[in-house]
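Peer 1: Below you will find the structure I want to go over with you.
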Amino acid sequence: MIRLAMLAFALGILAFHALPGAPAQWLARAFAGLSPLWLGLGAALLSWGLWRGSRSLRLVLLLGIGLCWALWDAGRFLAAEFPASLTRVPLVVEGRILSLPLDRGGSSRFIFAVERAWTAKGQAPIAWRGRVRLSWYAREDRPLPRLAVGERWRLPVRLKPRHGLANPGGFDYERWLVAQRIQATGTLRAGRDASPPERLDAGPGLRHWIDRTRQRFVEHLAGVLGEHRALGLIQGLTIGERGAIASEDWEAFRRTGTGHLIAISGLHIALIAGAALAVVGWLWARCEWLALALAAPRAAALAGLGVALLYAALAGFSLSTQRALVMLAVVLGARLWLRLLRPWQALGLALGAVLLLDPRAPLSAGFWLSFGAVAALVAGLAYRLPAPHAWQRLGRAQWVVTLGLLAPLLWLFGQISLIAPLVNLLAVPLFSLVLLPLVLLGALAALVPGLEPGLRWVADWLLWWLDALGWLAAHPWASATLPAPPLWGWGAALLGTALALAPRGLPGRWLGLVLLAPLVLVRPPQPPPGELWFSLLDVGQGLAAVARTAEGTLVFDTGPGFASGFNTGTAVIAPYLRHLGVSRIERLVISHADSDHAGGLRGLLAEIPVDRLLSGEPGALSVAPVEPCQAGAGWNWSGVSFRFLHPPAGHQLEGNAASCVLRIALGDEVILLTGDVGQGVELDLVERYGQALGATLLVAGHHGSATSSAAAFLDAVAPEWVLFAVGYANQFGFPAQVVRERLAERAIASLESAQTGTIEWRLRAQGERLGPWSWRARQGRWWSSGL
């Protein structure tokens with residue numbers, strides 16, 4: 001009954017998270033707004049039903065309790081949202097630094113708890129409190145101060161409500177922010193009108209003392225190891241701070257399936273607690289008076305839980321360590337109270353406890369991987385005779401976990417490691433028995449003057465391990481990226497996993513592998529001959545569009561790239577194409593060399609092969625070979641015509657004026673892409689082509705700035721729709737108000753990528769047009785903005 005009760009409670013919470021965004025938000029806000037009287041009456045009825053109802057009724061009520069618990073939690077969070085009216089308004093906030101500052105080349109990022117806020121002009125107080133994620137950039141006249149977790153500061157800021165890029169196959173940044181309880185993001189203001197930041201106090205209390213101790217430990221490790229490549233890995237394994245791990249190392253962990261070894265979670269907590277359990281239990285049993293006072297199993301359970309608690313505190317009580325602690329507390333609690341707890345009962349209790357403490361836990365990928373791995377181990381190994389040899393037991397466990405996490409990994413990341421079972425067969429015992437103890441002992445020894453070389457020796461050992469993983473990850477067969485299967489494919493995969501993990505004697509067990517096959521074999525639908533599928537991606541303040549036909553795929557621009565290394569070629573376009581099953585780009589057009597259009601070029605080229613690359617500024621791109629796009633040139637795919645209208649051959653243009661202008665036509669349906677051309681080029685196009693510029697769909701030039709979308713140009717194109725590729729709450733105010741007014745005067749409909757996410761259309765030769773579809777409207781959940 002415990003297992004079914006906890007499962008029903010969990011299903012209620014998961015059901016709410018799976019609801020479409022707009023209805024879920026309405027329900028959550030309505031539920032949070034109920035009066036205490038109605039809430040009390042509902043609680044009384046539920047209590048009576050749980051007490052007097054049948055078993056079936058109790059399960060239904062527990063499902064409803066889980067749903068209500070998730071509704072109430074989400075409603076409280078949505079009720080405290082940062083006001084959209086204050087977006088980018090100059091503010092002054094007072095509050096406390098909650099996270100260890102992450103310093104990266106002249107900038108620092110941290111989570112800040114706002115306690116008081118007011119407008120910079122007029123000093124009007126603002127009745128809002130919440131968590132924000134702030135970025136503080138250094139200036140020549142004002143270097144970054146040393147920031148410490150727990151300190152209270154008064155800061156001049158500009159904030160905006162939580163918002164992230166919304167694209168198929170991409171990372172859901174908004175979900176991550178909500179899981180971290182962050183309501184807004186922003187930066188510190190600089191300039192003459194900004195008051196200087198002011199440190200108020202250091203922050204008393206045990207929690208802040210623990211956090212400052214962690215920060216001093218991080219800084220001490222950095223002082224000992226300097227620029228050593230293994231520094232980030234050692235910091236991650238000791239205190240859970242992984243910001244210094246290099247991106248190439250993260251890629252190696254991902255492709256080899258060893259990322260779980262890096263995050264302080266269930267494996268690390270279990271190893272530390274298990275070691276304490278064994279040592280204390282052995283020693284306690286050999287002391288007669290201690291054993292008489294408290295039985296050795298109970299003493300060992302207390303010691304294991306205490307050591308795990310200390311290790312979790314050292315890791316900052318992150319969400320993953322909190323989950324691991326709850327699961328460990330369930331198991332050791334049964335041992336402490338001398339209760340027999342079967343594996344499925346323990347898993348059910350741990351699941352219910354985690355969701356009771358944090359109903360937003362399912363928003364984290366770690367939740368699914370943690371409970372998925374444990375469930376797979378229980379299903380595949382519990383109630384079975386163990387293998388006679390240790391290597392056989394370890395190999396069977398690796399096979400069971402790999403099979404159990406196949407579907408969750410593809411659902412969460414769209415990628416699986418093909419070598420993970422073999423790599424983990426060696427890496428898990430090596431890591432558990434050698435590397436992790438060495439790292440912990442070396443880090444502690446480094447605190448003693450004169451013993452710092454020991455930590456450097458450990459770092460060199462880790463470097464060998466990183467190089468070995470990097471060598472394995474470099475092979476193309478190390479991992480496989482698969483497109484998303486249809487909904488029925490996920491259902492078949494879950495049933496197949498359950499069958500494959502069932503005992504050998506179960507009839508039809510072999511069907512498990514057959515049911516798993518759709519994950520690999522089923523491909524997403526592709527454009528049939530005579531159709532054009534067009535998408536404008538959400539890349540922030542930049543441009544990226546994809547046009548697909550039966551014969552090839554075109555990518556027009558690659559969005560922005562930043563000094564931090566983030567670029568939308570890697571983060572948005574490549575995952576989007578893989579999500580659709582596209583493994584090759586036949587044409588890649590970079591309209592011009594500005595960073596908001598070409599910033600993702602290198603990242604995309606490193607992820608997906610490209611047959612031909614064209615640009616309006618071929619000489620300004622730092623890749624080769626690049627062909628110039630010239631007016632009159634083009635190609636045809638499956639009845640779809642692609643023709644460049646600008647720039648003219650042999651031109652001497654540069655910058656925005658050199659942007660490629662591409663016309664895509666299928667029958668009477670036309671899409672016009674104009675890059676960043678200004679009104680001068682637009683009027684030249686009107687003079688050269690006149691009414692031949694007509695298009696159904698226009699992607700506005702220069703993101704809708706006042707220097708583009710001239711009235712004469714709009715009259716000549718006469719689009720039914722205008723799409724703006726803009727960043728949310730961008731500092732330029734795009735699309736400009738004057739452009740909005742021109743569209744309104746002509747009754748032209750418009751959409752903004754920042755508000756809708758990816759915008760999709762499907763055009764057919766018969767003149768049929770399907771769309772537009774907004775990714776936020778189709779796939780948004782209660783945590784999604786813009787619904």
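Chain labels follow the order of the structure tokens: the first chain is A, the next B, and so on; residue numbering restarts at 1 in every chain, and ligands are counted from 1 in their shown order.
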Counting only C-alpha atoms, what is within 7 Å of region 641-656 of chain A, bar same-chain residues fewer than 2 positions away, as a ChimeraX atom specification?

Peer 2: /A:592,616-617,629-637,639,658-666,676-677

Peer 1: Give me the residues near region 190-200 of chain A as an MDAnalysis selection string, where near means some atom within 7 Å (using only C-alpha atoms) and where sequence neighbours in that chain fewer than 3 positions away do not count.

Peer 2: chainID A and resid 152:156

Peer 1: Next, dump the selected residues to file, keeping only N, CA and C atoms, as a short mmCIF file (atom, residue, chain, number, x, y, z; two decimals), in the first residue's frame.

Peer 2:
```cif
data_model
loop_
_atom_site.label_atom_id
_atom_site.label_comp_id
_atom_site.auth_asym_id
_atom_site.auth_seq_id
_atom_site.Cartn_x
_atom_site.Cartn_y
_atom_site.Cartn_z
N ARG A 152 25.24 41.28 2.44
CA ARG A 152 24.13 42.14 2.04
C ARG A 152 24.71 43.33 1.27
N TRP A 153 24.04 43.65 0.14
CA TRP A 153 24.50 44.74 -0.72
C TRP A 153 23.31 45.61 -1.11
N ARG A 154 23.64 46.86 -1.44
CA ARG A 154 22.69 47.75 -2.11
C ARG A 154 23.23 47.96 -3.52
N LEU A 155 22.45 47.57 -4.54
CA LEU A 155 22.96 47.51 -5.90
C LEU A 155 22.04 48.26 -6.87
N PRO A 156 22.61 49.01 -7.82
CA PRO A 156 21.81 49.59 -8.91
C PRO A 156 21.67 48.55 -10.03
#
```

Peer 1: Fewer than 4 positions away in the same chain doesn't count, so skip those; otherwise give me all residues within 6 Å of region 398-414 of chain A, counting only C-alpha atoms, as a count of residues only.

Peer 2: 6

Peer 1: For Trp26 (chain A), which of A:Ala74, A:Trp250, A:Gly150, A:Ala44 is the closest residue, counting only C-alpha atoms?

Peer 2: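 Closest to Trp26 (chain A), using only C-alpha atoms: A:Ala74.
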
Peer 1: Show me, as CSV, the residues of region 580-653 of chain A having an atom within 10 Å of region 524-534 of chain A, each with the closest atom pair and its distance in Å, using only C-alpha atoms.

Peer 2:
```
residue,atom,partner,partner_atom,distance
A:Leu580,CA,A:Pro524,CA,6.0
A:Gly581,CA,A:Pro524,CA,6.3
A:Val582,CA,A:Gln526,CA,9.1
A:Trp637,CA,A:Gly530,CA,8.7
A:Ser638,CA,A:Pro529,CA,5.5
A:Gly639,CA,A:Gly530,CA,5.5
A:Val640,CA,A:Gly530,CA,7.1
```

Peer 1: Kindly save the residues from that selection, with N, CA and C atoms included, as an mmCIF file, in the first residue's frame.

Peer 2:
```cif
data_model
loop_
_atom_site.group_PDB
_atom_site.id
_atom_site.type_symbol
_atom_site.label_atom_id
_atom_site.label_comp_id
_atom_site.auth_asym_id
_atom_site.auth_seq_id
_atom_site.Cartn_x
_atom_site.Cartn_y
_atom_site.Cartn_z
ATOM 1 N N LEU A 580 14.805 17.312 -35.417
ATOM 2 C CA LEU A 580 14.008 17.058 -36.608
ATOM 3 C C LEU A 580 14.564 15.929 -37.464
ATOM 4 N N GLY A 581 15.713 15.379 -37.053
ATOM 5 C CA GLY A 581 16.322 14.306 -37.832
ATOM 6 C C GLY A 581 17.155 14.797 -38.993
ATOM 7 N N VAL A 582 17.560 16.061 -38.976
ATOM 8 C CA VAL A 582 18.409 16.618 -40.044
ATOM 9 C C VAL A 582 19.871 16.440 -39.645
ATOM 10 N N TRP A 637 14.814 23.362 -55.344
ATOM 11 C CA TRP A 637 14.683 22.087 -54.644
ATOM 12 C C TRP A 637 13.218 21.666 -54.652
ATOM 13 N N SER A 638 12.930 20.555 -55.266
ATOM 14 C CA SER A 638 11.603 19.944 -55.162
ATOM 15 C C SER A 638 10.482 20.945 -55.432
ATOM 16 N N GLY A 639 10.648 21.737 -56.478
ATOM 17 C CA GLY A 639 9.623 22.703 -56.843
ATOM 18 C C GLY A 639 9.674 24.007 -56.090
ATOM 19 N N VAL A 640 10.641 24.167 -55.185
ATOM 20 C CA VAL A 640 10.791 25.401 -54.412
ATOM 21 C C VAL A 640 11.955 26.184 -54.990
#
```

Peer 1: Quick check for you: according to DSSP on this backbone, which residues of region 557-718 of chain A are classed as strand (DSSP E)? Reply as a PyMOL selection string.

Peer 2: chain A and resi 585-590+610-615+627-628+634-637+640-646+661-666+669-673+697-699

Peer 1: Name the residues of region 277-346 of chain A that come out as helix (DSSP H, G or I) in a backbone DSSP run; write them as a PyMOL selection string.

Peer 2: chain A and resi 277-285+288-293+296-314+319-336+343-346

Peer 1: Skipping near chain neighbours, those fewer than 3 positions away, what residues fall within 12 Å of Ala563 (chain A) using only C-alpha atoms, listed as a PyMOL selection string?

Peer 2: chain A and resi 104-107+560+566-567+595+599-600

Peer 1: When you look at region 507-517 of chain A with a cut-off of 12 Å (counting only C-alpha atoms), what residues show up, excluding the ones that are within fewer than 6 positions of it in the same chain? I need them as a list in words.

Peer 2: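 The contact residues come out as Leu403, Gly404, Leu405, Leu406, Ala407, Leu410, Pro485, Trp488, Gly489, Trp490, Gly491, Ala492, Ala493, Leu494, Leu495, Gly496, Thr497, Ala498, Leu499, Ala500, Leu501 and Arg523 of chain A.
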
Peer 1: With distances taken over only C-alpha atoms, which of A:Ala252, A:Trp391, A:Gly169, A:Ala353 is nearest to Thr758 (chain A)?

Peer 2: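 The shortest atom-to-atom distance to Thr758 (chain A) comes from A:Gly169.
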
Peer 1: Can you work out the spacing between CA of Val722 (chain A) and CA of Ala571 (chain A) in Å, to one decimal?

Peer 2: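 Taking CA of Val722 (chain A) as the start and CA of Ala571 (chain A) as the end point, the length is 25.6 Å.
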
Peer 1: Give me the residues near Leu332 (chain A) as number ranges by chain, where near means some atom within 9 Å (using only C-alpha atoms) and where sequence neighbours in that chain fewer than 4 positions away do not count.

Peer 2: A: 298, 301-302, 304-305, 327-328, 336-337

Peer 1: Hey, can you spit out that residue selection with N, CA and C atoms as a compact mmCIF listing (two decimals), in the first residue's frame?

Peer 2:
```txt
# COMPACT_ATOMS: atom_id res chain seq x y z
N ARG A 298 22.40 0.43 14.59
CA ARG A 298 21.81 1.76 14.76
C ARG A 298 22.88 2.84 14.82
N ALA A 301 24.08 3.49 11.38
CA ALA A 301 23.11 4.26 10.59
C ALA A 301 23.17 5.74 10.94
N LEU A 302 23.27 6.06 12.23
CA LEU A 302 23.40 7.47 12.64
C LEU A 302 24.68 8.08 12.10
N GLY A 304 26.41 7.13 9.42
CA GLY A 304 26.31 7.29 7.98
C GLY A 304 25.48 8.50 7.60
N LEU A 305 24.35 8.68 8.31
CA LEU A 305 23.50 9.82 8.02
C LEU A 305 24.19 11.13 8.39
N MET A 327 16.57 10.21 0.19
CA MET A 327 16.57 8.79 -0.13
C MET A 327 17.40 8.01 0.89
N LEU A 328 18.54 8.57 1.27
CA LEU A 328 19.38 7.89 2.26
C LEU A 328 18.71 7.86 3.62
N LEU A 336 17.68 2.25 11.40
CA LEU A 336 17.77 2.79 12.75
C LEU A 336 16.63 2.28 13.62
N TRP A 337 15.43 2.18 13.05
CA TRP A 337 14.26 1.74 13.81
C TRP A 337 14.01 0.25 13.67
```
